[in-house]
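Structure file my_file_23.cif; described as mmCIF, C-alpha atoms and all ligand atoms.
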```cif
data_run
loop_
_atom_site.group_PDB
_atom_site.id
_atom_site.type_symbol
_atom_site.label_atom_id
_atom_site.label_comp_id
_atom_site.auth_asym_id
_atom_site.auth_seq_id
_atom_site.Cartn_x
_atom_site.Cartn_y
_atom_site.Cartn_z
ATOM 1 C CA MET A 10 -121.489 232.606 28.435
ATOM 2 C CA GLY A 11 -122.236 229.918 25.951
ATOM 3 C CA ARG A 12 -123.826 226.625 26.784
ATOM 4 C CA VAL A 13 -123.205 223.308 25.092
ATOM 5 C CA ARG A 14 -126.055 222.339 22.768
ATOM 6 C CA GLU A 15 -126.975 218.932 21.362
ATOM 7 C CA ILE A 16 -125.391 218.238 17.967
ATOM 8 C CA ALA A 17 -127.606 217.029 15.114
ATOM 9 C CA GLN A 18 -126.397 213.783 13.592
ATOM 10 C CA LEU A 19 -126.297 212.718 9.948
ATOM 11 C CA GLY A 20 -129.776 211.667 8.854
ATOM 12 C CA HIS A 21 -131.561 214.534 10.625
ATOM 13 C CA PRO A 22 -133.299 216.670 7.951
ATOM 14 C CA VAL A 23 -131.954 219.967 9.404
ATOM 15 C CA LEU A 24 -128.526 219.018 8.022
ATOM 16 C CA ARG A 25 -129.946 218.826 4.482
ATOM 17 C CA LYS A 26 -131.837 222.136 4.462
ATOM 18 C CA ILE A 27 -130.657 225.402 2.891
ATOM 19 C CA ALA A 28 -130.230 227.681 5.922
ATOM 20 C CA GLU A 29 -132.056 231.030 6.130
ATOM 21 C CA PRO A 30 -130.184 234.371 5.974
ATOM 22 C CA VAL A 31 -129.880 236.279 9.263
ATOM 23 C CA GLU A 32 -131.966 239.459 8.927
ATOM 24 C CA LYS A 33 -131.100 240.990 12.296
ATOM 25 C CA ILE A 34 -128.176 240.215 14.600
ATOM 26 C CA ASP A 35 -130.231 240.200 17.795
ATOM 27 C CA ASP A 36 -129.681 238.705 21.254
ATOM 28 C CA GLY A 37 -130.791 235.307 20.008
ATOM 29 C CA VAL A 38 -128.050 235.332 17.362
ATOM 30 C CA GLN A 39 -125.464 236.475 19.940
ATOM 31 C CA GLN A 40 -126.506 233.616 22.244
ATOM 32 C CA LEU A 41 -126.391 231.174 19.325
ATOM 33 C CA ILE A 42 -122.807 232.272 18.532
ATOM 34 C CA ASP A 43 -121.716 231.896 22.183
ATOM 35 C CA ASP A 44 -123.329 228.458 22.274
ATOM 36 C CA LEU A 45 -121.634 227.410 19.012
ATOM 37 C CA PHE A 46 -118.230 228.306 20.493
ATOM 38 C CA ALA A 47 -119.029 226.380 23.699
ATOM 39 C CA THR A 48 -120.346 223.358 21.776
ATOM 40 C CA SER A 49 -117.355 223.196 19.401
ATOM 41 C CA GLU A 50 -114.928 223.636 22.310
ATOM 42 C CA ALA A 51 -116.557 220.840 24.330
ATOM 43 C CA ALA A 52 -116.349 218.459 21.355
ATOM 44 C CA SER A 53 -112.814 219.515 20.241
ATOM 45 C CA GLY A 54 -114.192 220.735 16.906
ATOM 46 C CA ALA A 55 -112.454 223.149 14.530
ATOM 47 C CA GLY A 56 -115.768 224.869 13.866
ATOM 48 C CA ILE A 57 -119.503 224.284 13.873
ATOM 49 C CA ALA A 58 -122.463 225.645 11.944
ATOM 50 C CA ALA A 59 -125.909 226.639 13.256
ATOM 51 C CA PRO A 60 -127.769 223.796 11.450
ATOM 52 C CA GLN A 61 -125.630 221.371 13.464
ATOM 53 C CA VAL A 62 -127.414 222.604 16.602
ATOM 54 C CA TYR A 63 -130.837 222.437 14.888
ATOM 55 C CA VAL A 64 -130.923 226.145 13.929
ATOM 56 C CA SER A 65 -131.353 226.614 10.180
ATOM 57 C CA SER A 66 -129.624 230.038 10.003
ATOM 58 C CA ARG A 67 -126.634 231.229 7.993
ATOM 59 C CA VAL A 68 -124.232 231.377 10.941
ATOM 60 C CA PHE A 69 -121.107 229.406 11.794
ATOM 61 C CA ILE A 70 -118.002 229.759 13.908
ATOM 62 C CA LEU A 71 -114.361 228.875 13.344
ATOM 63 C CA SER A 72 -112.424 227.677 16.373
ATOM 64 C CA ILE A 73 -109.193 226.568 14.782
ATOM 65 C CA LYS A 74 -106.364 225.506 17.053
ATOM 66 C CA PRO A 75 -104.488 222.302 17.830
ATOM 67 C CA SER A 76 -106.834 219.869 19.629
ATOM 68 C CA VAL A 77 -107.324 216.175 20.302
ATOM 69 C CA ARG A 78 -109.245 215.826 17.033
ATOM 70 C CA TYR A 79 -106.965 218.152 14.988
ATOM 71 C CA PRO A 80 -103.470 218.009 16.511
ATOM 72 C CA ASP A 81 -101.831 219.636 13.460
ATOM 73 C CA ALA A 82 -104.281 222.556 13.163
ATOM 74 C CA PRO A 83 -102.887 226.097 13.036
ATOM 75 C CA GLU A 84 -104.066 228.760 15.486
ATOM 76 C CA VAL A 85 -106.679 231.159 14.071
ATOM 77 C CA GLU A 86 -108.515 233.725 16.226
ATOM 78 C CA PRO A 87 -112.059 232.571 17.124
ATOM 79 C CA THR A 88 -114.299 233.891 14.351
ATOM 80 C CA ALA A 89 -118.079 234.177 14.088
ATOM 81 C CA VAL A 90 -119.374 234.249 10.518
ATOM 82 C CA ILE A 91 -122.850 235.497 9.540
ATOM 83 C CA ASN A 92 -124.371 235.434 6.029
ATOM 84 C CA PRO A 93 -121.119 234.374 4.308
ATOM 85 C CA GLU A 94 -120.421 234.588 0.578
ATOM 86 C CA ILE A 95 -117.570 232.870 -1.232
ATOM 87 C CA LEU A 96 -116.155 235.569 -3.562
ATOM 88 C CA TRP A 97 -113.491 233.470 -5.247
ATOM 89 C CA GLN A 98 -111.658 230.203 -4.820
ATOM 90 C CA SER A 99 -108.297 229.015 -6.097
ATOM 91 C CA GLU A 100 -108.314 226.607 -9.002
ATOM 92 C CA ASN A 101 -105.739 224.549 -7.182
ATOM 93 C CA LEU A 102 -107.362 221.859 -5.031
ATOM 94 C CA GLU A 103 -105.742 220.145 -2.071
ATOM 95 C CA LYS A 104 -106.960 216.858 -0.676
ATOM 96 C CA ASP A 105 -106.843 216.437 3.078
ATOM 97 C CA TRP A 106 -108.634 214.686 5.912
ATOM 98 C CA GLU A 107 -111.883 216.013 7.333
ATOM 99 C CA GLY A 108 -114.214 214.943 10.069
ATOM 100 C CA CYS A 109 -117.478 216.387 11.299
ATOM 101 C CA LEU A 110 -119.233 216.512 14.665
ATOM 102 C CA SER A 111 -122.445 215.537 12.836
ATOM 103 C CA VAL A 112 -120.760 212.566 11.124
ATOM 104 C CA PRO A 113 -119.153 210.808 14.074
ATOM 105 C CA GLY A 114 -116.704 207.941 13.889
ATOM 106 C CA ILE A 115 -115.264 208.463 10.420
ATOM 107 C CA ARG A 116 -112.832 210.684 8.527
ATOM 108 C CA GLY A 117 -112.393 211.149 4.814
ATOM 109 C CA ARG A 118 -110.085 212.783 2.299
ATOM 110 C CA VAL A 119 -111.825 215.765 0.707
ATOM 111 C CA PRO A 120 -110.586 217.945 -2.186
ATOM 112 C CA ARG A 121 -110.959 221.695 -1.509
ATOM 113 C CA PRO A 122 -109.559 224.934 -2.969
ATOM 114 C CA ASP A 123 -106.425 225.838 -1.005
ATOM 115 C CA ALA A 124 -107.290 229.558 -0.928
ATOM 116 C CA ILE A 125 -110.569 231.502 -0.850
ATOM 117 C CA GLY A 126 -111.828 235.068 -0.660
ATOM 118 C CA VAL A 127 -114.967 235.582 1.410
ATOM 119 C CA ARG A 128 -117.352 238.272 2.613
ATOM 120 C CA TYR A 129 -119.425 237.963 5.762
ATOM 121 C CA GLN A 130 -120.903 239.929 8.650
ATOM 122 C CA THR A 131 -119.256 239.861 12.051
ATOM 123 C CA ARG A 132 -121.307 239.506 15.236
ATOM 124 C CA HIS A 133 -121.056 243.305 15.546
ATOM 125 C CA GLY A 134 -122.774 243.706 12.193
ATOM 126 C CA GLU A 135 -119.711 244.838 10.239
ATOM 127 C CA THR A 136 -119.278 243.479 6.724
ATOM 128 C CA VAL A 137 -115.717 242.260 6.175
ATOM 129 C CA GLU A 138 -113.809 240.741 3.275
ATOM 130 C CA ARG A 139 -111.009 238.290 4.032
ATOM 131 C CA GLU A 140 -108.850 235.624 2.509
ATOM 132 C CA PHE A 141 -108.204 232.226 4.041
ATOM 133 C CA SER A 142 -105.744 229.557 2.973
ATOM 134 C CA GLY A 143 -104.850 225.989 3.873
ATOM 135 C CA PHE A 144 -106.656 224.402 6.806
ATOM 136 C CA ALA A 145 -108.596 227.611 7.624
ATOM 137 C CA ALA A 146 -109.966 227.760 4.041
ATOM 138 C CA ARG A 147 -110.912 224.092 4.372
ATOM 139 C CA VAL A 148 -112.802 224.627 7.620
ATOM 140 C CA PHE A 149 -114.545 227.748 6.257
ATOM 141 C CA LEU A 150 -115.755 225.805 3.200
ATOM 142 C CA HIS A 151 -116.752 222.811 5.339
ATOM 143 C CA GLU A 152 -118.893 225.032 7.596
ATOM 144 C CA HIS A 153 -120.285 226.930 4.595
ATOM 145 C CA ASP A 154 -121.385 223.577 3.153
ATOM 146 C CA HIS A 155 -123.540 223.029 6.252
ATOM 147 C CA LEU A 156 -125.512 226.184 5.322
ATOM 148 C CA GLU A 157 -126.145 224.635 1.900
ATOM 149 C CA GLY A 158 -127.353 221.320 3.299
ATOM 150 C CA MET A 159 -124.131 219.504 2.478
ATOM 151 C CA THR A 160 -121.525 217.531 4.410
ATOM 152 C CA TRP A 161 -117.963 216.497 3.567
ATOM 153 C CA LEU A 162 -119.289 213.079 2.507
ATOM 154 C CA ASP A 163 -120.776 214.751 -0.589
ATOM 155 C CA HIS A 164 -117.272 215.684 -1.812
ATOM 156 C CA VAL A 165 -115.516 212.335 -1.332
ATOM 157 C CA GLU A 166 -114.263 211.041 -4.676
ATOM 158 C CA ASP A 167 -113.540 207.465 -3.674
ATOM 159 C CA ASN A 168 -115.150 205.488 -0.836
ATOM 160 C CA ARG A 169 -111.746 203.967 -0.137
ATOM 161 C CA GLU A 170 -110.762 207.408 1.184
ATOM 162 C CA ILE A 171 -113.192 207.077 4.110
ATOM 163 C CA VAL A 172 -111.706 205.531 7.253
ATOM 164 C CA SER A 173 -112.764 204.946 10.832
ATOM 165 C CA GLU A 174 -111.733 207.536 13.423
ATOM 166 C CA GLN A 175 -109.875 204.747 15.203
ATOM 167 C CA GLU A 176 -107.729 203.901 12.170
ATOM 168 C CA PHE A 177 -107.239 207.610 11.447
ATOM 169 C CA MET A 178 -105.885 208.236 14.972
ATOM 170 C CA ARG A 179 -103.730 205.118 14.793
ATOM 171 C CA ALA A 180 -102.156 206.386 11.559
ATOM 172 C CA LEU A 181 -101.482 209.778 13.210
ATOM 173 C CA ILE A 182 -99.593 208.138 16.046
ATOM 174 C CA ASP A 183 -97.544 205.831 13.797
HETATM 175 ZN ZN ZN B 1 -119.247 219.538 9.843
#
```
As structure tokens:
Amino acid sequence: MGRVREIAQLGHPVLRKIAEPVEKIDDGVQQLIDDLFATSEAASGAGIAAPQVYVSSRVFILSIKPSVRYPDAPEVEPTAVINPEILWQSENLEKDWEGCLSVPGIRGRVPRPDAIGVRYQTRHGETVEREFSGFAARVFLHEHDHLEGMTWLDHVEDNREIVSEQEFMRALID
């Protein structure tokens, strides 16, 4: 069972570090993955990366489904990602809204490739290659950024495309 961990907030140096590769998928990594799922679930996230819980390791999880924070999200099976590589990305970029549990209170429009090919290790140590598109590709790239010490704010092209969570939710309802 996972437990909810504290989420690092923008300004903490752990969010700006390049995360370390996972050498061995041991019990500590399994617990970390369970805790990432629990922490994302509790905060209605679409995913969360290890540096966001103060662990500078190349691990993240995707937990993509409709939620309070992402009502229009598709349903993707819960996925743990270890030591990911981006193999290719589409030239076509799509701009859409992103938020982040480490950047509370605001949302912004972020350009991202609309399709990607990736390789990573599963929590069982298998190496898999997969393609993601649309919102799932966006979340994968967002979480991958956290392993590189980046946040969505680093991709915003125009500060006028950053809005408060309150205004974002109001626009959703309208
Ligand atoms: Zn994030």
Considering all atoms listed in the file, return as JSON, numbers by chain whatever protein or nucleic-acid residues lie within 8 Å of A:Arg25, sequence-local ones (same chain, fewer than 6 positions apart) excluded.
{"A": [155, 157, 158, 159]}
Between atom CA of A:Trp97 and atom CA of A:Ile125, what distance in Å does the model show, to one decimal?
5.6 Å
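Here the PyMOL selection byres (((not hetatm)) within 8 of (chain B and resi 1)) captures the residues A:Gly56, A:Ile57, A:Ala58, A:Gln61, A:Gly108, A:Cys109, A:Leu110, A:Ser111, A:Val112, A:His151, A:Glu152, A:His155, A:Thr160, A:Trp161.
A straight line drawn from atom CA of A:Glu103 to atom CA of A:Val119 is 8.0 Å long.
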Reference answer for the PyMOL selection byres (((chain A and resi 48) around 10) and not hetatm), as a tab-separated table (two decimals) with C-alpha atoms, in the coordinates of the input:
```tsv
chain	number	residue	atom	x	y	z
A	11	GLY	CA	-122.24	229.92	25.95
A	12	ARG	CA	-123.83	226.62	26.78
A	13	VAL	CA	-123.20	223.31	25.09
A	14	ARG	CA	-126.06	222.34	22.77
A	15	GLU	CA	-126.98	218.93	21.36
A	16	ILE	CA	-125.39	218.24	17.97
A	42	ILE	CA	-122.81	232.27	18.53
A	43	ASP	CA	-121.72	231.90	22.18
A	44	ASP	CA	-123.33	228.46	22.27
A	45	LEU	CA	-121.63	227.41	19.01
A	46	PHE	CA	-118.23	228.31	20.49
A	47	ALA	CA	-119.03	226.38	23.70
A	49	SER	CA	-117.36	223.20	19.40
A	50	GLU	CA	-114.93	223.64	22.31
A	51	ALA	CA	-116.56	220.84	24.33
A	52	ALA	CA	-116.35	218.46	21.36
A	53	SER	CA	-112.81	219.52	20.24
A	54	GLY	CA	-114.19	220.74	16.91
A	56	GLY	CA	-115.77	224.87	13.87
A	57	ILE	CA	-119.50	224.28	13.87
A	62	VAL	CA	-127.41	222.60	16.60
A	110	LEU	CA	-119.23	216.51	14.66
```
Skip A:Val127 itself and residues of its chain fewer than 2 positions away, then list as JSON, numbers by chain all residues within 6 Å of it, counting all atoms listed in the file.
{"A": [94, 95, 96, 138, 139]}
Restrict the selected residues to C-alpha atoms and save them as a compact mmCIF listing (two decimals), keeping the file's coordinate frame.
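Below is the file that was written, out_38.txt:
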```txt
# COMPACT_ATOMS: atom_id res chain seq x y z
CA GLU A 94 -120.42 234.59 0.58
CA ILE A 95 -117.57 232.87 -1.23
CA LEU A 96 -116.16 235.57 -3.56
CA GLU A 138 -113.81 240.74 3.28
CA ARG A 139 -111.01 238.29 4.03
```
So, counting all atoms listed in the file, which residue among A:Leu156, A:Thr88, A:Gln175, A:His133 is closest to A:Glu29?
A:Leu156
